[in-house]
Every structure is written in C-alpha cells, then in structure tokens.
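Participant: I have a structure I would like to understand better, so I am pasting it below and will then ask my questions one at a time.
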Number of protein chains: 2
Amino acid sequence: MSEAATRENPAKVSKKEIKAEAMKRRICAAVVACLDEHGYAETSINRIQERAGVSRGALTHHFPTKQALVAETTMRMLHAATRPMYADKSTGETKPAVPADQLLNNSWNHIVNTAEGRAFVEVIVACRTDRELYNVLADDLQEWDAESSSTIAALYRGSDAAEDDAELLWSISRTFFRGLLTHERFVSDPAYLARMMDRFAGIMNAHLIVRG
Amino acid sequence: MSEAATRENPAKVSKKEIKAEAMKRRICAAVVACLDEHGYAETSINRIQERAGVSRGALTHHFPTKQALVAETTMRMLHAATRPMYADKSTGETKPAVPADQLLNNSWNHIVNTAEGRAFVEVIVACRTDRELYNVLADDLQEWDAESSSTIAALYRGSDAAEDDAELLWSISRTFFRGLLTHERFVSDPAYLARMMDRFAGIMNAHLIVRG
DNA sequence: CATTGCAGACCGAACATTCTGTTTTTAAAA
DNA sequence: TTTTAAAAACAGAATGTTCGGTCTGCAATG
C-alpha cells in the first residue's frame, strides 16, 4: 500500500508508482496497436507481451486477466480521446476546440479514424457478445456517452423541436463513424470514403445549429 | 464432380447432392448463429460442430478450412439477403418491394437487425484485420455492393447534382446501419436506438427522391 | 466396386492462467 | 544514518485447455 506515504505527502508519487504507471502505459499502448493491426480475435497475451517488450510476469502482475487488460486499455482510450477534442477541462470551462462546421470532419479525422478509434471499435464489437467484458465496461461506456452528448448539447441545438435533438444527431454521427471504419472493405477506391464523409457532414451540418 | 449426371439430365439432382446441400445449409446456419451469439473470436470449429449437431468429419469434408466455411456462409448470407428486399429477380424485372419512404426502416428491421445482419458485421470487422479472409471475400463483397447500389440508383435519385448521389446516400445509410448494430452497448434505453433510426430515416428520406 | 459422405480419434501449436523464484523499493527499526 | 524485513515489481517456466487441421476407418451411394 502506498497510502501510508501519500498520507504524509499527498502530492508525492513514489518511484514505484512512476515505474508501474510507465509499465501500464507501455502495455496498454501495445494493446491498442495489436487491436488496430490484428483485431480483437488475434490480440493474444503472447502478442501483446511481445509487442510491448515486457515479460509475462510483468503483464500478469499489473493485469491479472485479459479482460482486465482490455478493459483498462479501453477506459484509458476513452478518457484520453474525450478531453482534448470537445472541451478544455484544464481551464475548467467548456468551449469548442474547433470551428462549429468542422466538428464532424474533425472528429472523424482526429478521433475516430485513428489507431485508438479502430481499437475501440474492436472492443465495442467484442462487447456485443462478450458479456463479461461488457459488464466491466458498461458503466464507463454509458457515462462517457452521456458526457460526450451533454458537451455537444451545450454547443449545438438540433433542427428538430425535441429538447435533446442535438444529442440525438450527435449519437447518429458517432454511429455513422463507427460504421465507416468498417466500410473500407467494401469499396475499391479509398476516396469514396472521403466522399461519404463529406456528404454526410453536409447533410448533418444543416441540422446541427450552433447555439449563440 | 456431378457434371456427368447433370449433362444427361440438367434438372436432375442426385440424392448425394441433395444431402450435401442440406448438410452445408445446416452447417452455415450454425455459423450464422454462432457469429451472432458469440462473435467471430469465439466462433470456433468445435462450437459450430456442436451447434450444427454434425461430426468433425462432416464439417471438414464440406469445408476444408475455417476461412472457407466463413467465406461460404457469408456469401450465402449476402445473396439470400439481397434478393427478396429490393427487387424481384424471379420475374426478371426490378421493382421495389416496399414503399419508397419505408426503404430505410424496412432494410434496418428485416435485413440488418437480424441474426444474419449481426453475423455479417462480425465478418466485416474481422475482414479489416484478417487479410486472408478478406482476400477470399473481397471480390464478392464489392460485387454485392455494386449490385445493391445500382438497384437503389434505379429507383431513387439523390438531392445532390452528382450523378451517383443516390448510391452515395445508400452507402451512407448502410454504413449507419452497421454502426447502429454496435451502438446498443452505449445506451441504457433500447428505445433510444429506435429514435436514432427514425431521426436518421427522416433526414435521409428528404434526400432520397423516388424516380418517376 | 469405386467413389463420395461421414464419423471420430488424434496432432502439434497456441492459448490464458498459475506458479515459483529474483530483484527492487520503501518505511520503520536500530 | 544505517539496517532490515515486508511488500511490490518483475521474470520466466509449467499447466491444462482449446484451437484448427489431419488422418484412418466405415457406410452409403452410384
């Protein structure tokens, strides 16, 4: 327990904690890379271990089971991805980080269509059938979803009369993004994906109205 | 080879062929069920065999490898799903099977949000990282995509000036559907999915104009 | 009777997990 | 300050299971 140390000096982080955190970060980064490159089915502990360049002991010490590993990696991804995009939490205030009409394109390019975004989709798809993994993640997923939606709702209103229309439109957009990540395999021309994205953004932007 | 038999009497199908086809159908149905219920990662040959109630020998006799099994199952799903919905191929002519403004909702309810639809998403997601599986399926996927799109293009035009706008809108819709299948895990209230679907259909229907 | 359809045992590889050691860190005792 | 003992971080071998695929034997079909 490090609580004895932190009780005397709350700000102090011990060498242990620093090393442990660095190790965890390293392992989780390997998980993201493996999920992105090989998919959930082929992301084995052996592969993660090899990719991270750590021993089997180190892996199982920090993450007793594979699900715990995937779960923590996912939560780290979520919290890392949410913060910089939509709001500046460091200053305590919520303000858009990008021009309003570029919200969709920007989200796609910098959040969804990334190694983390693709890894996240692998986890989400796995959650559909892996009940245990879902149980571990469910609360955090829904909390993240609510937080993400309310951030949008503070910045935009929808074209529909419904109070929560902006949130609805945002959920629809994120859903489209998720589908778009798996659409690559259908089309021969990658540029077609960009056309789909642009057309979709054009349509949705007509319904997402900046509050002011 | 059965060509010797069919050369003499093309309509005749031997007992063998009937049995073989029945066995294949049975196995593929089990694959669909397993993909839907357990996901691609947990769809093992053992599980399929158990689910279908056939021996290991029968399985490997008809499908030498797992990829061949998944590939054929996928192609059967595709061809079974395309036909009844958008056109009546038995009469040779192409006509819509549902009212125009119900195309999206109907596709969602009767094609995408089914055991086959969910199984298909599992395969598509796996294709992203499983290059071998993708290579087997790529041609058929793109051919199916083109056929599906052109069927839509014959029935609708898009609100945009682009010649292929209807196809683009249809691709966008199918992409949204795919994402929606994995969205269940985000929301606590299942009715929210229906709201998303209705709102999306409302928006897209304004851009999909029936030809006439 | 030759071929195909099917049954089930079997194989090595890979899997997730558990385990026994070794090293490093840390806080309190000397 | 130095010593010390416990705890944590890590290493890597061992375990039993399951994986996809192969192989041999037998029955049904043509």
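Naming scheme: A, B, ... for chains in displayed order of the structure tokens; residues 1 onward per chain; ligands 1 onward as shown.
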What residues in chain C lie within 8 Å of chain A, counting only C-alpha atoms (C1' of nucleotides), written as number ranges by chain?

Facilitator: C: 15-17, 25

Participant: Please build the interface table for chain B against chain A with a cut-off of 7 Å, listing for each qualifying residue the nearest atom pair and the distance in Å to one decimal; count only C-alpha atoms, order rows by chain and increasing number, and write it as JSON lines.

Facilitator:
{"residue": "B:Glu37", "atom": "CA", "partner": "A:Thr129", "partner_atom": "CA", "distance": 6.1}
{"residue": "B:His38", "atom": "CA", "partner": "A:Thr129", "partner_atom": "CA", "distance": 5.0}
{"residue": "B:Gly39", "atom": "CA", "partner": "A:Thr129", "partner_atom": "CA", "distance": 5.6}
{"residue": "B:Ala41", "atom": "CA", "partner": "A:Ala41", "partner_atom": "CA", "distance": 4.5}
{"residue": "B:Ile124", "atom": "CA", "partner": "A:Thr182", "partner_atom": "CA", "distance": 6.7}
{"residue": "B:Val125", "atom": "CA", "partner": "A:Thr182", "partner_atom": "CA", "distance": 6.0}
{"residue": "B:Ala126", "atom": "CA", "partner": "A:Gly39", "partner_atom": "CA", "distance": 6.9}
{"residue": "B:Arg128", "atom": "CA", "partner": "A:Arg185", "partner_atom": "CA", "distance": 6.8}
{"residue": "B:Thr129", "atom": "CA", "partner": "A:His38", "partner_atom": "CA", "distance": 5.1}
{"residue": "B:Leu141", "atom": "CA", "partner": "A:Phe186", "partner_atom": "CA", "distance": 6.0}
{"residue": "B:Gln142", "atom": "CA", "partner": "A:Phe186", "partner_atom": "CA", "distance": 5.3}
{"residue": "B:Asp145", "atom": "CA", "partner": "A:Phe186", "partner_atom": "CA", "distance": 6.6}
{"residue": "B:Leu168", "atom": "CA", "partner": "A:Met196", "partner_atom": "CA", "distance": 6.4}
{"residue": "B:Ile172", "atom": "CA", "partner": "A:Met196", "partner_atom": "CA", "distance": 6.2}
{"residue": "B:Thr175", "atom": "CA", "partner": "A:Gly179", "partner_atom": "CA", "distance": 4.7}
{"residue": "B:Phe176", "atom": "CA", "partner": "A:Phe176", "partner_atom": "CA", "distance": 4.3}
{"residue": "B:Arg178", "atom": "CA", "partner": "A:Gly179", "partner_atom": "CA", "distance": 5.1}
{"residue": "B:Gly179", "atom": "CA", "partner": "A:Gly179", "partner_atom": "CA", "distance": 4.1}
{"residue": "B:Leu180", "atom": "CA", "partner": "A:Thr175", "partner_atom": "CA", "distance": 5.7}
{"residue": "B:Thr182", "atom": "CA", "partner": "A:Val125", "partner_atom": "CA", "distance": 6.0}
{"residue": "B:His183", "atom": "CA", "partner": "A:Thr175", "partner_atom": "CA", "distance": 6.7}
{"residue": "B:Arg185", "atom": "CA", "partner": "A:Arg128", "partner_atom": "CA", "distance": 6.8}
{"residue": "B:Phe186", "atom": "CA", "partner": "A:Gln142", "partner_atom": "CA", "distance": 5.3}
{"residue": "B:Val187", "atom": "CA", "partner": "A:Gln142", "partner_atom": "CA", "distance": 6.2}
{"residue": "B:Met196", "atom": "CA", "partner": "A:Ile172", "partner_atom": "CA", "distance": 6.2}

Participant: Please report as a tab-separated table every residue of chain A lying within 9 Å of chain D, along with the nearest atom pair and their distance in Å (one decimal), using only C-alpha atoms (C1' of nucleotides).

Facilitator:
residue	atom	partner	partner_atom	distance
A:Met1	CA	D:DA7	C1'	8.2
A:Lys16	CA	D:DA8	C1'	8.0
A:Lys19	CA	D:DA9	C1'	8.7
A:Ala20	CA	D:DA9	C1'	7.7
A:Ser55	CA	D:DA11	C1'	6.2
A:Arg56	CA	D:DG12	C1'	7.1
A:Gly57	CA	D:DA11	C1'	5.8
A:Ala58	CA	D:DC10	C1'	5.2
A:Leu59	CA	D:DC10	C1'	8.9
A:His61	CA	D:DA9	C1'	7.7

Participant: Residues of the last selection are to be written out with C-alpha atoms, as a PDB file, in the first residue's frame.

Facilitator:
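Full text of result_10.pdb as output:
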ATOM      1  CA  MET A   1       0.000   0.000   0.000  1.00  0.00           C
ATOM      2  CA  LYS A  16       7.170   2.537  -7.563  1.00  0.00           C
ATOM      3  CA  LYS A  19       7.511   2.785 -12.804  1.00  0.00           C
ATOM      4  CA  ALA A  20       4.222   0.974 -12.508  1.00  0.00           C
ATOM      5  CA  SER A  55       7.871 -10.253 -19.594  1.00  0.00           C
ATOM      6  CA  ARG A  56       4.891 -12.424 -18.930  1.00  0.00           C
ATOM      7  CA  GLY A  57       5.280 -11.765 -15.230  1.00  0.00           C
ATOM      8  CA  ALA A  58       5.076  -8.011 -15.629  1.00  0.00           C
ATOM      9  CA  LEU A  59       1.931  -8.342 -17.693  1.00  0.00           C
ATOM     10  CA  HIS A  61       1.269  -8.593 -12.335  1.00  0.00           C
TER      11      HIS A  61
END

Participant: Among range 3-159 of chain A, which residues does DSSP mark as alpha helix (DSSP H) when it is run on the backbone? Keep the chain and numbering as in the structure and answer as JSON, numbers by chain.

Facilitator: {"A": [3, 4, 5, 6, 7, 8, 15, 16, 17, 18, 19, 20, 21, 22, 23, 24, 25, 26, 27, 28, 29, 30, 31, 32, 33, 34, 35, 36, 37, 38, 45, 46, 47, 48, 49, 50, 51, 52, 56, 57, 58, 59, 60, 61, 62, 66, 67, 68, 69, 70, 71, 72, 73, 74, 75, 76, 77, 78, 79, 80, 81, 82, 83, 84, 85, 86, 103, 104, 105, 106, 107, 115, 116, 117, 118, 119, 120, 121, 122, 123, 124, 125, 126, 127, 128, 129, 131, 132, 133, 134, 135, 136, 137, 138, 139, 140, 141, 142, 143, 144, 145, 146, 147, 148, 149, 150, 151, 152, 153, 154, 155]}

Participant: For CA of Val98 in chain A and CA of Ile111 in chain A, quote the distance in Å rounded to one decimal.

Facilitator: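 Separation between CA of Val98 in chain A and CA of Ile111 in chain A: 12.9 Å.
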
Participant: Could you give me, as a ChimeraX atom specification, the residues within 12 Å of Arg76 in chain A, counting only C-alpha atoms (C1' of nucleotides) and dropping anything in the same chain fewer than 3 positions from it?

Facilitator: /A:24-25,27-29,31-32,69-73,79-83,116,119-120,137,140-141,144

Participant: If you measure from CA of Ala115 in chain A to CA of Cys34 in chain A, what distance in Å do you get, rounded to one decimal?

Facilitator: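 Taking CA of Ala115 in chain A as the start and CA of Cys34 in chain A as the end point, the length is 9.5 Å.
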
Participant: Between CA of Ala162 in chain B and CA of Asn105 in chain A, what distance in Å does the model show, to one decimal?

Facilitator: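 Distance reported for this atom pair: 20.7 Å.
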
Participant: So, counting only C-alpha atoms, which residue among B:Ser149, B:Asn135, B:Ser159, B:Asn106 is closest to Val210 in chain B?

Facilitator: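 Of B:Ser149, B:Asn135, B:Ser159, B:Asn106, the one nearest Val210 in chain B, counting only C-alpha atoms, is B:Ser159.
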